[in-house]
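Asker: Pasting in a structure now, in structure tokens, and then I'll have a few things to ask.
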Amino acid sequence: MTDTPAHATFPVNSGLSSYQQPQRVTQLRVMRAEWTKLRTQPSAYWALLTAVILVVGFGIGYSLLRVARPPHGTAIASFDPAAISLSGVQLAQIAVGVLGVMVVTSEYATGMIRTTFAAVPRRLPMLWGKAVLLAAAITAVSLPAAFAAFAGGQSILSRRHLSVPLSHPGVARAVIGCALYLAAVALLGLGLGALIRNAAGGIAVLLGLLYGFPLAVGLLPGSIATDVTKFLPTGAGQAVTTVQPDPTMLQPWTGFGVLCAYAAVVLAMSAARMWRGDA
Amino acid sequence: MVARQVGFDHNELTIAAIRLEAVGSAGVMTSTYKDVPRITIRQSCGPGVDSPTKARLCTPTTPVPRAGTVVAMIEIHELTKNYGSTTAVADLTFTVQPGVVTGFLGPNGAGKSTTMRIILGLDQPSGGSVLVNGRAPRSHAAPLHEIGGMLDPRAVHPSRSAYHHLLAVAQTSGIRKTRVDEVIDAVGLRSVSSRPAGKFSLGMSQRLGIAAALLGDPATVVLDEPVNGLDVEGIRWIRSMLQDLAAEGKTVFVSSHLMSEIAQTATHLIVIGRGKLIADTSMDEFMATAAPTMVRVRSSDQDALAKMLRAPGVTITRAADGALIVGGASAGQVGSVAGAAGITVLELATEHASLEDIFVSLTQDAIEYRAGN
């Protein structure tokens, strides 16, 4: 059952001294606590490692594929070498989104949330702390990953002179945008997890938003589908990761703003539930 | 004879007698038994206190401090909590005083954990109010210094080490690492503090939960079933620790569904059943009122002795082995009566109904879950 030896004995010392240091709960202190939790949660490392492998590995793999089947004729004009090397983001978003869900649902699943809320009875500092740290950690990890994927992908595409330099307009923005996109998806996951409080439910709704919605909208008549798709979380968010101006998409930062708005609305709903409800 | 019919041994005689009375077969019991306190106090405390016993058991024995003075204590006023259509706690009013260990007793499902969750600010009351140290539970600026709680010892992230679990809790309030180490030593988890908390035995988890509760040196300590899963050494440890905390002037509120666990630790008792207050009394008074001392006597002529002992205020029943169980008279009085009549006393002993029995009889109407129903 446990690896504790049955004869384990505990030195008893009930003489605990008084502790009268200031103990006010502040947002900064709660963030420090959340950081301790995040870095001692093995699933966080797995999720971030998976995200890096997907961003770099898939980006390089897809670049190799396109180099073997280079574009012809009219396809050359819309060929987006940066987007090809960054295509792993579309898979990595699952890993970071699931991490966002798990960071909060694991507390509900284990009951840790009660310990947390007893220590932070105003509760919301915990949610904001998780959000800030999650976004920071994912940006910090996926920014180098995105640059690595871009560099690797372009060096492969350059064999057929299909590559694009980082200095090209919009390219650096797209690479950085990938890291920001992943952070925003993780926040969307965090909000869903805090709202639904159940890992399976949160992940299911997240995948529905990221993949199910676009599929369903795709069944609509063409022009409507295009108009709606660009406002969906993925369609809007991908605008910031795309270099080629695409008339069916929102402007890069507008699109990213729409994705952030989704995350903000879900986080606000979860904050309202967290503040009012039973833990 | 009466006892034999219902198959109780003499230890449970008091309860057997009450049950018999309830179905109308008074047998050898005298009419005074009808005033046995437990019958009365089984009703919940609250408006319409109609008997002296009920009034006594439902009135806090310690004076309530003047309004305005901030004292470490828990004040619960007309607390109600509904989960959907289920009422977990109904119109509960009591105060937990500082300086003593207060036991919180009730069968499983009585509403103890619900009440404690509300005290810790985790659940919101449906009605009524809860004040901890004079303030609403969620309004404290330094919550870990005001109230330390343990509800579920397994409520930890299983792969996080005990040390990091405590560190994360401490950091929310800026509590120093030296205090974390101190608390780990105090609960005796030093040698296992780097292990994943999910691999802890129940007893170790209890210690970890208590450590978290004590991190901020709280004025009020609330522990839900802290003895559960502890070995004998652990039980002794927690008893002395709870008494030390109370001696420091802290408010100590400890729940249990087992009377025996609480009897040696608590000096005050709150008993609830089905979400309603059953008793709010000191342990001494609870035992004296709810468990009258009985005298067990065997003699050369039981029938004659029973006849002589019969008097107002005296109850006499017969145990399965033929012994008389006498209530309302001391062993000395019984011995004197026998001696005066020339009856040889073969056995004479004073018996206390076990606290477990009292508790069962108090709450038997209030047991939510019972096997075989």
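Chain lettering (A, B, ...) mirrors the order of the structure tokens, residue numbering begins at 1 for each chain separately, and ligand numbering begins at 1 in order of display.
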Show which residues sit within 9 Å of B:Gly322, as a PyMOL selection string. Count only C-alpha atoms, and ignore same-chain residues fewer than 3 positions away.
Answerer: chain B and resi 1+298+302+318-319
Asker: For those residues, write C-alpha atoms to a file as an mmCIF file, in the first residue's frame.
Answerer:
data_model
loop_
_atom_site.group_PDB
_atom_site.id
_atom_site.type_symbol
_atom_site.label_atom_id
_atom_site.label_comp_id
_atom_site.auth_asym_id
_atom_site.auth_seq_id
_atom_site.Cartn_x
_atom_site.Cartn_y
_atom_site.Cartn_z
ATOM 1 C CA MET B 1 -35.396 -10.895 33.083
ATOM 2 C CA ARG B 298 -26.031 -9.762 43.381
ATOM 3 C CA GLN B 302 -32.621 -10.778 44.816
ATOM 4 C CA ARG B 318 -32.410 -7.206 36.135
ATOM 5 C CA ALA B 319 -29.370 -8.120 34.087
#
Asker: Residues within 8 Å of A:Gly237, please, as a list in words. Count only C-alpha atoms; anything in the same chain fewer than 6 positions from it doesn't count.
Answerer: Tyr181, Pro252, Gly255, Phe256, Gly257, Val258 and Leu259 of chain A
Asker: Write the selection just made, keeping N, CA and C atoms, as a JSON list (two decimals), in the first residue's frame?
Answerer:
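Contents of part-v9.json, as written:
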[["chain", "number", "residue", "atom", "x", "y", "z"],
["A", 181, "TYR", "N", 0.42, 32.62, -28.64],
["A", 181, "TYR", "CA", -0.76, 31.82, -28.95],
["A", 181, "TYR", "C", -0.88, 30.64, -27.98],
["A", 252, "PRO", "N", -3.42, 40.27, -37.68],
["A", 252, "PRO", "CA", -2.71, 39.42, -36.70],
["A", 252, "PRO", "C", -3.04, 39.74, -35.25],
["A", 255, "GLY", "N", -6.75, 39.32, -34.31],
["A", 255, "GLY", "CA", -7.08, 37.90, -34.12],
["A", 255, "GLY", "C", -6.61, 37.41, -32.76],
["A", 256, "PHE", "N", -5.37, 37.78, -32.41],
["A", 256, "PHE", "CA", -4.84, 37.36, -31.12],
["A", 256, "PHE", "C", -5.68, 37.94, -29.98],
["A", 257, "GLY", "N", -6.11, 39.19, -30.20],
["A", 257, "GLY", "CA", -6.97, 39.83, -29.19],
["A", 257, "GLY", "C", -8.28, 39.07, -29.01],
["A", 258, "VAL", "N", -8.85, 38.56, -30.11],
["A", 258, "VAL", "CA", -10.09, 37.79, -30.00],
["A", 258, "VAL", "C", -9.85, 36.51, -29.20],
["A", 259, "LEU", "N", -8.72, 35.83, -29.48],
["A", 259, "LEU", "CA", -8.40, 34.62, -28.71],
["A", 259, "LEU", "C", -8.26, 34.96, -27.22]]
Asker: Using only C-alpha atoms, which residue out of B:Gln124, B:Thr178, B:Thr281, B:Gln243 lies closest to chain A?
Answerer: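 That would be B:Gln124, the residue with the smallest distance to chain A.
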Asker: Check stretch 96-282 of chain B with DSSP on the backbone and list each residue it calls helix (DSSP H, G or I), as a PyMOL selection string.
Answerer: chain B and resi 112-119+137-139+143-146+162-171+177-187+190-192+197-199+202-214+232-247+259-263
Asker: Find the residues of chain A that sit at most 9 Å from chain B; for each, write down the nearest two atoms and how far apart they are in Å, to one decimal. Count only C-alpha atoms. Sort by chain, then by number going up, and give it as CSV.
Answerer:
residue,atom,partner,partner_atom,distance
A:Met1,CA,B:Ser201,CA,8.1
A:Thr2,CA,B:Lys199,CA,5.4
A:Asp3,CA,B:Lys199,CA,6.7
A:Thr4,CA,B:Phe200,CA,7.0
A:Thr9,CA,B:Gly188,CA,8.4
A:Phe10,CA,B:Gly188,CA,4.8
A:Pro11,CA,B:Gly188,CA,5.1
A:Val12,CA,B:Gly188,CA,5.7
A:Asn13,CA,B:Ala186,CA,4.9
A:Ser14,CA,B:Ala186,CA,5.3
A:Gly15,CA,B:Ala186,CA,6.9
A:Leu16,CA,B:Ala186,CA,6.0
A:Ser17,CA,B:Asp217,CA,8.2
A:Ser18,CA,B:Asp217,CA,6.1
A:Tyr19,CA,B:Asp217,CA,5.5
A:Gln20,CA,B:Asp217,CA,7.5
A:Gln21,CA,B:Ile175,CA,7.5
A:Pro22,CA,B:Gly174,CA,7.6
A:Gln23,CA,B:Ser173,CA,4.7
A:Arg24,CA,B:Ala142,CA,4.4
A:Val25,CA,B:Ser173,CA,4.6
A:Thr26,CA,B:Ser173,CA,7.1
A:Gln27,CA,B:Thr172,CA,8.3
A:Leu28,CA,B:Thr172,CA,8.4
A:Arg29,CA,B:Thr172,CA,4.9
A:Val30,CA,B:Thr172,CA,4.4
A:Met31,CA,B:Thr172,CA,7.6
A:Arg32,CA,B:Gln171,CA,6.3
A:Ala33,CA,B:Ala168,CA,4.4
A:Glu34,CA,B:Ala168,CA,6.9
A:Trp35,CA,B:Ala168,CA,8.2
A:Thr36,CA,B:Ala168,CA,5.7
A:Lys37,CA,B:Ala168,CA,6.3
A:Thr40,CA,B:Arg160,CA,5.8
A:Gln41,CA,B:Arg160,CA,6.5
A:Pro42,CA,B:Ser159,CA,7.4
A:Ser106,CA,B:His157,CA,7.6
A:Glu107,CA,B:His157,CA,7.2
A:Ala109,CA,B:Ala155,CA,8.8
A:Thr110,CA,B:Ala155,CA,5.3
A:Gly111,CA,B:Ala155,CA,4.3
A:Met112,CA,B:Ala155,CA,4.7
A:Ile113,CA,B:Ala155,CA,7.9
A:Arg114,CA,B:Leu122,CA,6.7
A:Thr115,CA,B:Ala155,CA,7.3
A:Thr116,CA,B:Val169,CA,6.8
A:Phe117,CA,B:Leu122,CA,6.7
A:Ala118,CA,B:Leu120,CA,6.0
A:Ala119,CA,B:Leu144,CA,5.8
A:Val120,CA,B:Thr172,CA,6.9
A:Pro121,CA,B:Arg138,CA,4.9
A:Arg122,CA,B:Arg138,CA,6.2
A:Arg276,CA,B:Gln124,CA,7.8
A:Gly277,CA,B:Gln124,CA,7.0
A:Asp278,CA,B:Asp123,CA,4.3
A:Ala279,CA,B:Leu122,CA,5.2
Asker: Leaving out stretch 214-225 of chain A and any residue of its chain fewer than 6 positions from it, which residues lie within 8 Å of it when counting only C-alpha atoms, given as an mmCIF file with N, CA and C atoms, in the first residue's frame?
Answerer:
data_model
loop_
_atom_site.group_PDB
_atom_site.id
_atom_site.type_symbol
_atom_site.label_atom_id
_atom_site.label_comp_id
_atom_site.auth_asym_id
_atom_site.auth_seq_id
_atom_site.Cartn_x
_atom_site.Cartn_y
_atom_site.Cartn_z
ATOM 1 N N LEU A 232 -13.434 32.204 -34.469
ATOM 2 C CA LEU A 232 -13.288 31.093 -33.521
ATOM 3 C C LEU A 232 -11.912 31.187 -32.850
ATOM 4 N N THR A 234 -9.327 29.235 -32.512
ATOM 5 C CA THR A 234 -8.165 28.833 -33.318
ATOM 6 C C THR A 234 -8.022 29.740 -34.538
ATOM 7 N N GLY A 235 -9.126 29.966 -35.256
ATOM 8 C CA GLY A 235 -9.062 30.797 -36.462
ATOM 9 C C GLY A 235 -8.550 32.198 -36.155
#
Asker: Do you have the atom CA of B:Glu75-atom CA of B:Gly103 distance handy?
Answerer: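 The value is 15.0 Å.
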Asker: Residues near stretch 95-104 of chain A, anyone? I mean within 10 Å using only C-alpha atoms, not counting same-chain ones fewer than 2 positions away, as a compact mmCIF listing (two decimals) with N, CA and C atoms, in the first residue's frame.
Answerer:
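result12.txt was written with the following content:
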# COMPACT_ATOMS: atom_id res chain seq x y z
N GLU A 34 2.15 29.50 -5.66
CA GLU A 34 1.73 28.83 -6.89
C GLU A 34 2.93 28.38 -7.70
N LYS A 37 4.06 25.21 -6.26
CA LYS A 37 3.17 24.12 -6.69
C LYS A 37 3.48 23.71 -8.13
N LEU A 38 3.64 24.70 -9.01
CA LEU A 38 3.83 24.40 -10.42
C LEU A 38 5.13 23.62 -10.64
N GLN A 41 5.02 19.91 -9.67
CA GLN A 41 3.96 19.11 -10.28
C GLN A 41 4.55 18.45 -11.53
N SER A 43 3.49 16.69 -13.88
CA SER A 43 2.74 16.78 -15.13
C SER A 43 3.06 18.07 -15.88
N ALA A 44 3.47 19.11 -15.14
CA ALA A 44 3.82 20.37 -15.80
C ALA A 44 5.05 20.17 -16.69
N TYR A 45 6.04 19.43 -16.17
CA TYR A 45 7.25 19.19 -16.97
C TYR A 45 6.92 18.36 -18.21
N TRP A 46 6.09 17.35 -18.03
CA TRP A 46 5.73 16.51 -19.17
C TRP A 46 4.99 17.31 -20.23
N ALA A 47 4.08 18.13 -19.79
CA ALA A 47 3.30 18.92 -20.76
C ALA A 47 4.20 19.89 -21.51
N LEU A 48 5.10 20.55 -20.80
CA LEU A 48 5.97 21.52 -21.45
C LEU A 48 6.96 20.82 -22.38
N LEU A 49 7.48 19.68 -21.94
CA LEU A 49 8.39 18.91 -22.79
C LEU A 49 7.68 18.46 -24.07
N THR A 50 6.47 17.97 -23.90
CA THR A 50 5.68 17.54 -25.06
C THR A 50 5.46 18.71 -26.01
N ALA A 51 5.13 19.86 -25.46
CA ALA A 51 4.89 21.03 -26.30
C ALA A 51 6.14 21.38 -27.11
N VAL A 52 7.30 21.36 -26.46
CA VAL A 52 8.55 21.69 -27.15
C VAL A 52 8.82 20.67 -28.26
N LEU A 54 6.74 18.81 -29.86
CA LEU A 54 5.77 18.96 -30.95
C LEU A 54 6.08 20.18 -31.81
N VAL A 89 2.78 24.08 -33.73
CA VAL A 89 1.99 24.80 -32.72
C VAL A 89 0.55 24.25 -32.68
N LEU A 91 -0.42 21.32 -32.90
CA LEU A 91 -0.48 20.13 -32.04
C LEU A 91 -0.08 20.48 -30.61
N ALA A 92 0.92 21.33 -30.48
CA ALA A 92 1.41 21.67 -29.14
C ALA A 92 0.33 22.35 -28.31
N GLN A 93 -0.63 22.96 -28.99
CA GLN A 93 -1.69 23.63 -28.22
C GLN A 93 -2.49 22.63 -27.38
N SER A 106 -6.47 19.46 -11.00
CA SER A 106 -5.77 18.53 -10.11
C SER A 106 -5.99 18.94 -8.66
N GLU A 107 -6.16 20.22 -8.42
CA GLU A 107 -6.42 20.67 -7.04
C GLU A 107 -7.82 20.25 -6.59
N TYR A 108 -8.77 20.32 -7.52
CA TYR A 108 -10.12 19.88 -7.17
C TYR A 108 -10.16 18.36 -7.00
N ALA A 109 -9.44 17.65 -7.88
CA ALA A 109 -9.49 16.18 -7.83
C ALA A 109 -8.88 15.65 -6.55
N MET A 112 -6.85 19.26 -2.69
CA MET A 112 -5.86 20.29 -2.35
C MET A 112 -6.48 21.68 -2.37
N ILE A 113 -7.52 21.82 -3.19
CA ILE A 113 -8.15 23.14 -3.34
C ILE A 113 -8.64 23.67 -1.98
N MET A 126 -5.34 33.14 -6.05
CA MET A 126 -4.82 31.87 -6.52
C MET A 126 -5.01 31.74 -8.03
N LEU A 127 -6.21 32.09 -8.50
CA LEU A 127 -6.50 31.97 -9.94
C LEU A 127 -5.60 32.90 -10.75
N LYS A 130 -2.02 31.55 -10.73
CA LYS A 130 -1.86 30.44 -11.67
C LYS A 130 -1.80 30.96 -13.10
N ALA A 131 -2.69 31.90 -13.42
CA ALA A 131 -2.76 32.40 -14.79
C ALA A 131 -1.45 33.07 -15.19
N LEU A 134 1.42 30.42 -15.38
CA LEU A 134 1.23 29.51 -16.50
C LEU A 134 1.60 30.21 -17.80
N ALA A 135 1.08 31.41 -17.99
CA ALA A 135 1.38 32.16 -19.22
C ALA A 135 2.88 32.43 -19.31
N ILE A 138 4.85 29.09 -20.06
CA ILE A 138 4.66 28.59 -21.41
C ILE A 138 5.33 29.51 -22.43
N SER A 142 8.12 28.07 -24.84
CA SER A 142 7.77 27.90 -26.26
C SER A 142 8.39 28.96 -27.16
N LEU A 182 0.26 29.97 -27.76
CA LEU A 182 0.23 28.82 -26.84
C LEU A 182 -0.11 29.27 -25.42
N ALA A 183 0.42 30.39 -25.00
CA ALA A 183 0.11 30.89 -23.67
C ALA A 183 -1.39 31.20 -23.54
N ALA A 184 -1.96 31.79 -24.60
CA ALA A 184 -3.38 32.13 -24.54
C ALA A 184 -4.25 30.88 -24.51
N VAL A 185 -3.85 29.85 -25.27
CA VAL A 185 -4.61 28.60 -25.24
C VAL A 185 -4.54 27.97 -23.84
N ALA A 186 -3.36 28.06 -23.21
CA ALA A 186 -3.22 27.52 -21.86
C ALA A 186 -4.14 28.26 -20.89
N LEU A 187 -4.27 29.57 -21.06
CA LEU A 187 -5.16 30.35 -20.19
C LEU A 187 -6.62 29.96 -20.43
N LEU A 188 -6.94 29.70 -21.70
CA LEU A 188 -8.29 29.21 -22.02
C LEU A 188 -8.54 27.89 -21.29
N GLY A 189 -7.53 27.01 -21.32
CA GLY A 189 -7.63 25.73 -20.60
C GLY A 189 -7.78 25.94 -19.10
N LEU A 190 -7.00 26.86 -18.55
CA LEU A 190 -7.08 27.15 -17.12
C LEU A 190 -8.49 27.61 -16.74
N GLY A 191 -9.02 28.51 -17.55
CA GLY A 191 -10.37 29.02 -17.29
C GLY A 191 -11.41 27.91 -17.35
N LEU A 192 -11.29 27.05 -18.37
CA LEU A 192 -12.26 25.95 -18.50
C LEU A 192 -12.12 24.99 -17.33
N GLY A 193 -10.88 24.71 -16.93
CA GLY A 193 -10.66 23.80 -15.81
C GLY A 193 -11.26 24.36 -14.53
N ALA A 194 -11.05 25.64 -14.29
CA ALA A 194 -11.57 26.27 -13.07
C ALA A 194 -13.09 26.36 -13.11
N LEU A 195 -13.63 26.49 -14.31
CA LEU A 195 -15.08 26.60 -14.45
C LEU A 195 -15.76 25.24 -14.29
N ILE A 196 -15.16 24.22 -14.91
CA ILE A 196 -15.79 22.89 -14.93
C ILE A 196 -15.31 22.03 -13.77
N ARG A 197 -14.09 22.30 -13.26
CA ARG A 197 -13.54 21.63 -12.08
C ARG A 197 -13.35 20.14 -12.27
N ASN A 198 -13.25 19.72 -13.49
CA ASN A 198 -13.12 18.29 -13.75
C ASN A 198 -12.22 18.15 -14.97
N ALA A 199 -11.17 17.34 -14.82
CA ALA A 199 -10.15 17.27 -15.87
C ALA A 199 -10.75 16.79 -17.20
N ALA A 200 -11.48 15.69 -17.16
CA ALA A 200 -12.02 15.13 -18.40
C ALA A 200 -12.98 16.12 -19.06
N GLY A 201 -13.83 16.73 -18.25
CA GLY A 201 -14.78 17.69 -18.79
C GLY A 201 -14.09 18.91 -19.38
N GLY A 202 -13.10 19.41 -18.65
CA GLY A 202 -12.38 20.59 -19.11
C GLY A 202 -11.64 20.33 -20.40
N ILE A 203 -10.98 19.17 -20.48
CA ILE A 203 -10.22 18.84 -21.69
C ILE A 203 -11.18 18.65 -22.86
N ALA A 204 -12.30 17.99 -22.61
CA ALA A 204 -13.27 17.76 -23.68
C ALA A 204 -13.78 19.08 -24.25
N LEU A 206 -12.32 21.98 -24.05
CA LEU A 206 -11.20 22.67 -24.69
C LEU A 206 -10.98 22.14 -26.11
N LEU A 207 -10.95 20.81 -26.25
CA LEU A 207 -10.75 20.24 -27.58
C LEU A 207 -11.93 20.57 -28.49
N LEU A 210 -11.24 24.06 -29.66
CA LEU A 210 -10.09 24.19 -30.56
C LEU A 210 -10.31 23.47 -31.89
